[in-house]
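Undergrad: Below you will find the structure I want to go over with you.
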Amino acid sequence: MPEGPEIRRAADVVASCIIGQVANEVWFAFERLKPFEALLDGVEVCAVETRGKAMLTRFANGLLIYSHNQLYGRWYCCPAGERPDIQRQLRLAIHNRKSSALLYSASDIAVLHESELETHPFLSRLGPDVLNSTTDQALLLARLADRRFRNRQLGGLLVDQGFVAGLGNYLRCEILFVAGLHPRLRPAQLTGPQRIQLTEAMLHLPRQSYETAGITNDLTHAHELMAAGADFESARFQVFRREGLPCYRCGAPIMKQVLGGQPTYLCRQCQKMI
Ligand SMILES: [Zn+2]
């Protein structure tokens with residue numbers, strides 16, 4: 001599933017083709033959303049935002065389209081009148097004079113009024129978005145100390161969108177490795193310096209991934225690996241999908257474990273339980 005950085009990059013592309021433009025046609029595949037087409041036609045798109053893994057497309061009349069890509073949803077932007085050559089089902093189209101923003105395969109789409117945001121079942125329970133500029137270390141330290149979260153295992157906690165929004169499996173694995181923490185540790189067990197390392201990694205890695213289209217490895221090291229012939233996928237991560245390969249810090253083999261139904265990658269030497 002795309003994580004916060006990937007959704008924000010997709011939102012940037014969508015924004016570049018529809019913001020500030022009047023939507024001359026909005027089309028929904030789902031019958032339940034058809035009544036909204038006439039309410040959005042002829043209205044300017046004023047913002048495209050992300051909330052964790054969800055996207056909000058705001059219109060100047062106070063309506064907004066909520067979409068969540070889940071596993072398979074994917075946005076495309078094309079010159080007006082064109083379509084990508086793909087075998088997917090179109091679910092939402094926002095056309096203007098120059099461009100079309102097209103969402104394929106997603107099923108979690110709704111039209112909301114601004115006033116409904118706070119009661120939306122998914123949005124209302126989201127924690128602070130790690131990519132938002134207002135999310136800082138003090139806020140994350142307070143989250144770790146909160147009684148709702150302090151006794152949860154970090155491996156499950158980091159991907160709980162109610163704790164913080166935007167982290168998924170690859171970011172969880174990479175953050176815990178960079179912070180030197182085992183996924184079964186709980187916030188209440190961490191020392192002060194460990195909390196600092198964890199919250200620094202929670203802020204730094206998603207932002208670096210957003211800026212670099214997915215690199216959570218040390219940037220200098222990733223570029224050295226690619227200069228030496230490694231492809232992007234094998235250079236971008238420190239532990240994720242590196243099972244059996246040597247840890248970049250200590251040389252021990254990276255292990256793969258299933259945690260909460262998802263494969264988790266870690267170095268047993270660098271990420272101890274104490
Ligand atoms: Zn190691």
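Within each chain, counting starts at residue 1; across the structure tokens, chains are named A, B, ... in the order shown, with ligands numbered 1 upward in that order.
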Got a sec: who's within 8 Å of range 152-162 of chain A, counting only C-alpha atoms, leaving out chain neighbours fewer than 2 positions off, as a list in words?
TA: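 The filter keeps Gly52, Arg125, Leu126, Gly127, Phe149, Arg150, Val164, Ala165, Gly166, Leu167, Gly168, Asn169, Arg172, His182, Pro183, Arg184, Leu185, Arg186, Pro187, Leu259 and Gly260 of chain A.
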Undergrad: Could you list, as a list in words, all protein and nucleic acid residues with an atom at most 6 Å from ligand 1, counting only C-alpha atoms and all ligand atoms?
TA: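 Selection of residues at most 6 Å from ligand 1: Cys247, Arg249, Cys250, Gly251, Ala252, Cys267, Gln269 and Cys270 of chain A.
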Undergrad: Identify, on the basis of only C-alpha atoms, every residue whose closest approach to Ser107 in chain A does not exceed 12 Å; exclude the query and any residue fewer than 3 positions from it along the same chain; express the result as a PyMOL selection string.
TA: chain A and resi 28-30+32-33+66-74+89-92+103-104+110
Undergrad: Would you pick out the contacts of Leu56 in chain A at 7 Å or less, using only C-alpha atoms, so that residues sharing its chain but fewer than 5 positions from it are not included, and give the list as a list in words?
TA: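 Non-adjacent residues within range: Val48, Glu49, Thr50, Leu64, Ile65, Tyr66 and Ser67 of chain A.
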Undergrad: May I have the selected residues written with N, CA and C atoms, as a PDB file, in the first residue's frame?
TA:
```pdb
ATOM      1  N   VAL A  48      -5.531  20.559  -3.202  1.00  0.00           N
ATOM      2  CA  VAL A  48      -5.428  19.097  -3.121  1.00  0.00           C
ATOM      3  C   VAL A  48      -4.523  18.827  -1.925  1.00  0.00           C
ATOM      4  N   GLU A  49      -5.079  18.153  -0.919  1.00  0.00           N
ATOM      5  CA  GLU A  49      -4.325  17.939   0.321  1.00  0.00           C
ATOM      6  C   GLU A  49      -4.256  16.453   0.624  1.00  0.00           C
ATOM      7  N   THR A  50      -3.332  16.091   1.497  1.00  0.00           N
ATOM      8  CA  THR A  50      -3.307  14.710   1.987  1.00  0.00           C
ATOM      9  C   THR A  50      -3.484  14.719   3.490  1.00  0.00           C
ATOM     10  N   LEU A  64     -15.809  18.768  -1.002  1.00  0.00           N
ATOM     11  CA  LEU A  64     -14.503  18.162  -1.275  1.00  0.00           C
ATOM     12  C   LEU A  64     -14.676  16.682  -1.542  1.00  0.00           C
ATOM     13  N   ILE A  65     -13.780  16.173  -2.352  1.00  0.00           N
ATOM     14  CA  ILE A  65     -13.786  14.734  -2.647  1.00  0.00           C
ATOM     15  C   ILE A  65     -12.724  14.077  -1.775  1.00  0.00           C
ATOM     16  N   TYR A  66     -13.178  13.130  -0.958  1.00  0.00           N
ATOM     17  CA  TYR A  66     -12.268  12.307  -0.153  1.00  0.00           C
ATOM     18  C   TYR A  66     -11.961  11.042  -0.939  1.00  0.00           C
ATOM     19  N   SER A  67     -10.705  10.676  -1.046  1.00  0.00           N
ATOM     20  CA  SER A  67     -10.370   9.400  -1.689  1.00  0.00           C
ATOM     21  C   SER A  67      -9.228   8.732  -0.938  1.00  0.00           C
TER      22      SER A  67
END
```
Undergrad: Which one is closest to Arg88 in chain A: A:Leu245, A:Arg268, A:Leu102, A:Ile196? Count only C-alpha atoms.
TA: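 Result for the nearest residue to Arg88 in chain A: A:Leu102.
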Undergrad: Pick out the closest residue to Ala60 in chain A from this set: A:Glu224, A:Asp108, A:Glu114, A:Glu82. Count only C-alpha atoms.
TA: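 The shortest atom-to-atom distance to Ala60 in chain A comes from A:Glu114.
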Undergrad: Quick one: residues within 8 Å of range 24-26 of chain A, only C-alpha atoms counted, chain neighbours fewer than 5 positions away excluded, as an NGL selection string?
TA: :A and (37-38 or 40-43 or 92-97)
Undergrad: Excluding range 214-219 of chain A and its own-chain neighbours fewer than 4 positions away, which residues fall within 6 Å of it when counting only C-alpha atoms? Please give them as a PDB file with C-alpha atoms, in the first residue's frame.
TA:
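That gives us result-v7.pdb:
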```pdb
ATOM      1  CA  LEU A 205      12.582   9.458   7.145  1.00  0.00           C
ATOM      2  CA  SER A 209      11.278   9.674   1.305  1.00  0.00           C
ATOM      3  CA  ARG A 236      16.714   2.753  -1.323  1.00  0.00           C
ATOM      4  CA  PHE A 237      16.186   0.860   1.946  1.00  0.00           C
ATOM      5  CA  GLN A 238      18.322   0.063   5.002  1.00  0.00           C
TER       6      GLN A 238
END
```
Undergrad: Which residues in range 48-202 of chain A does DSSP call helix (DSSP H, G or I)? List them as a ChimeraX atom specification.
TA: /A:114-119,123-125,137-145,154-157,169-179,187-189,192-202
